[in-house]
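J.: My structure is below; once you've seen it, I'll send some questions.
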Amino acid sequence: MKVTLLSKTESRIKLLIEDVDVGFVNALRRVLVSEIPVYAVDHIIVYENTSQLYDEILAHRLGLVPLSTPANVDKEVTLSIEKEGPGVVYTKDMISDDDSIKPIIPDIPITKLGNDQKIKINCIAKVGIAKDHAKYQCCLAFYKYFPVINIDKKCDLCGVCVEVCPKNILKIEKDSLKITDIKECTLCRTCEEQCDLQAISVSYDNRKFIFTVENYGNMSVRDLIEISTGIIEEKCDEFIDKIAGVAEPGQRR
Ligand code: SF4
Ligand code: SF4
């Protein structure tokens with residue numbers, strides 16, 4: 001397997017993964033979106049709520065607030081909210097008893113309080129995985145096959161494909177049709193469909209993928225990838241152990 005970093009920001013990483021089949025990248029995607037353990041509000045204790053929202057709606061909203069998740073920490077954390085109106089209750093009003101586990105985005109509005117309205121709530125946060133509840137989903141992960149575009153010599157440089165390409169990656173330069181950035185091709189095949197001469201054809205390399213991960217801030221994209229590969233490794237070890245315990249056909253255990 002060969003992995004090349006295509007781009008990286010604080011919240012997004014794009015990798016080129018080569019010499020693997022689709023099963024591997026899909027397993028990586030599935031683990032990333034559903035099995036990374038992160039903190040989220042599990043339940044709330046309402047002492048007072050005279051806001052316009054029912055307790056259940058508040059619980060739902062609070063459950064969806066992304067919380068920072070330090071590596072290898074698994075305990076119960078309380079985030080308390082106490083506020084009187086008039087005003088808006090934001091995620092920054094969730095005061096955590098552990099500073100390393102708190103809302104990542106401080107300005108998400110939770111509810112609006114009118115005159116004399118008040119909320120006093122304790123939010124109990126726990127570690128969980130998105131396979132059990134979507135509120136624990138901590139990233140998006142997706143991939144596409146690496147595009148392959150062939151331009152035949154019968155191309156008469158009419159320019160139709162250049163005009164219709166939604167990603168603007170085709171251009172006519174020095175009497176030939178060029179692809180400016182093949183990674184941006186979405187495999188939509190519009191160029192192919194619009195070419196009267198069938199001079200352009202689009203396909204893909206089924207052992208080469210552009211893999212993107214976008215985090216929600218709970219942890220860095222690097223940590224997400226490290227944890228997900230660790231989970232895949234554990235699953236493989238478990239599988240190997242189970243296979244070792246399976247009897248050969250005709251063999252008694
Ligand atoms: S539409 Fe076809 S013929 Fe026209 S420039 Fe594109 S590939 Fe060439
Ligand atoms: S397949 Fe779509 S995105 Fe790719 S080059 Fe053709 S028109 Fe552009």
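Naming scheme: A, B, ... for chains in displayed order of the structure tokens; residues 1 onward per chain; ligands 1 onward as shown.
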For segment 70-79 of chain A, find every residue with an atom within 8 Å (counting only C-alpha atoms), except residues of its own chain fewer than 3 positions away, and show them as a list in words.
T.: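 Once the adjacent positions are removed, what remains is Met94, Ile95, Ser96, Asp97, Asp98, Ser100, Ile101, Lys102, Asn122, Cys123, Ile124, Ala125, Lys126, Val127 and Met219 of chain A.
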J.: Could you pull out the strand (DSSP E) residues of segment 2-208 of chain A, going by DSSP on the backbone, and write them as a VMD selection string?
T.: chain A and resid 2 to 8 12 to 18 38 to 49 77 to 84 87 to 90 95 to 96 109 to 113 118 to 128 139 to 151 170 to 173 176 to 179 200 to 208
J.: From the list A:Glu84, A:Asp93, A:Glu173, A:Asp55, which residue is nearest ligand 1 when using only C-alpha atoms and all ligand atoms?
T.: A:Glu173
J.: Write as an MDAnalysis selection string the residues around ligand 2, taking 12 Å as the cut-off and counting only C-alpha atoms and all ligand atoms.
T.: chainID A and resid 145:151 159:171 177:195 199:204
J.: Can you list, as a PyMOL selection string, all residues belonging to segment 154-214 of chain A that DSSP tags as alpha helix (DSSP H)?
T.: chain A and resi 160-164+190-194
J.: Keeping only N, CA and C atoms, write the selected residues to a file as a PDB file, in the first residue's frame.
T.:
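New file selection.pdb:
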ATOM      1  N   VAL A 160     -16.092  21.645 -26.666  1.00  0.00           N
ATOM      2  CA  VAL A 160     -17.370  21.403 -25.977  1.00  0.00           C
ATOM      3  C   VAL A 160     -17.131  20.844 -24.564  1.00  0.00           C
ATOM      4  N   CYS A 161     -16.252  19.872 -24.454  1.00  0.00           N
ATOM      5  CA  CYS A 161     -16.006  19.251 -23.136  1.00  0.00           C
ATOM      6  C   CYS A 161     -15.442  20.280 -22.154  1.00  0.00           C
ATOM      7  N   VAL A 162     -14.640  21.208 -22.652  1.00  0.00           N
ATOM      8  CA  VAL A 162     -14.055  22.244 -21.784  1.00  0.00           C
ATOM      9  C   VAL A 162     -15.183  23.072 -21.168  1.00  0.00           C
ATOM     10  N   GLU A 163     -16.188  23.377 -22.008  1.00  0.00           N
ATOM     11  CA  GLU A 163     -17.294  24.205 -21.530  1.00  0.00           C
ATOM     12  C   GLU A 163     -18.209  23.474 -20.561  1.00  0.00           C
ATOM     13  N   VAL A 164     -18.413  22.168 -20.781  1.00  0.00           N
ATOM     14  CA  VAL A 164     -19.400  21.469 -19.945  1.00  0.00           C
ATOM     15  C   VAL A 164     -18.812  20.895 -18.653  1.00  0.00           C
ATOM     16  N   THR A 190     -19.837  13.895 -18.024  1.00  0.00           N
ATOM     17  CA  THR A 190     -20.514  14.858 -18.893  1.00  0.00           C
ATOM     18  C   THR A 190     -19.687  15.097 -20.155  1.00  0.00           C
ATOM     19  N   CYS A 191     -18.374  15.182 -19.994  1.00  0.00           N
ATOM     20  CA  CYS A 191     -17.494  15.428 -21.154  1.00  0.00           C
ATOM     21  C   CYS A 191     -17.675  14.313 -22.189  1.00  0.00           C
ATOM     22  N   GLU A 192     -17.720  13.086 -21.690  1.00  0.00           N
ATOM     23  CA  GLU A 192     -17.859  11.911 -22.553  1.00  0.00           C
ATOM     24  C   GLU A 192     -19.191  11.966 -23.322  1.00  0.00           C
ATOM     25  N   GLU A 193     -20.253  12.279 -22.557  1.00  0.00           N
ATOM     26  CA  GLU A 193     -21.590  12.314 -23.165  1.00  0.00           C
ATOM     27  C   GLU A 193     -21.725  13.412 -24.220  1.00  0.00           C
ATOM     28  N   GLN A 194     -21.053  14.531 -23.999  1.00  0.00           N
ATOM     29  CA  GLN A 194     -21.212  15.680 -24.903  1.00  0.00           C
ATOM     30  C   GLN A 194     -20.267  15.657 -26.105  1.00  0.00           C
TER      31      GLN A 194
END
J.: Report, in Å to a single decimal, how far apart atom CA of Lys8 of chain A and atom CA of Gln137 of chain A are.
T.: 20.7 Å
J.: Measuring between only C-alpha atoms, which one of A:Leu64, A:Ile44, A:Ser176, A:Asp152 shows the shortest distance to Lys120 of chain A?
T.: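 That would be A:Ile44, the residue with the smallest distance to Lys120 of chain A.
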J.: Which residues are near Thr4 of chain A? Cut-off 10 Å, only C-alpha atoms, ignore same chain within fewer than 6 positions. Put them as a PyMOL selection string.
T.: chain A and resi 14-18+210
J.: Write the residues of the preceding selection, restricted to C-alpha atoms, as an mmCIF file, in the first residue's frame.
T.:
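For reference, again15.cif as written:
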data_model
loop_
_atom_site.group_PDB
_atom_site.id
_atom_site.type_symbol
_atom_site.label_atom_id
_atom_site.label_comp_id
_atom_site.auth_asym_id
_atom_site.auth_seq_id
_atom_site.Cartn_x
_atom_site.Cartn_y
_atom_site.Cartn_z
ATOM 1 C CA LYS A 14 -7.063 14.268 1.867
ATOM 2 C CA LEU A 15 -4.955 11.185 1.099
ATOM 3 C CA LEU A 16 -4.127 9.268 -2.029
ATOM 4 C CA ILE A 17 -4.218 5.563 -1.146
ATOM 5 C CA GLU A 18 -2.799 3.166 -3.756
ATOM 6 C CA ILE A 210 -8.747 9.695 -2.937
#
J.: Rounded to one decimal, what separation in Å do you get between atom CA of Arg207 of chain A and atom CA of Lys2 of chain A?
T.: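 We find that atom CA of Arg207 of chain A and atom CA of Lys2 of chain A lie 10.6 Å from each other.
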J.: Looking at A:Ile108, A:Val65, A:Ala141, A:Leu53, which one is nearest to Leu224 of chain A, with distances taken over only C-alpha atoms?
T.: A:Ala141
J.: Taking into account only C-alpha atoms, which residue in the set A:Ile121, A:Val38, A:Ile243, A:Val3 is nearest to Ser220 of chain A?
T.: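 Comparing A:Ile121, A:Val38, A:Ile243, A:Val3 against Ser220 of chain A, the winner is A:Val38.
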J.: For atom CA of Lys92 of chain A and atom CA of Glu10 of chain A, quote the distance in Å rounded to one decimal.
T.: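 Taking atom CA of Lys92 of chain A and atom CA of Glu10 of chain A, their separation equals 21.2 Å.
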J.: Taking only C-alpha atoms into account, name the residue in A:Leu32, A:Ile104, A:Leu5, A:Val246 that is nearest to Ile225 of chain A.
T.: A:Leu32
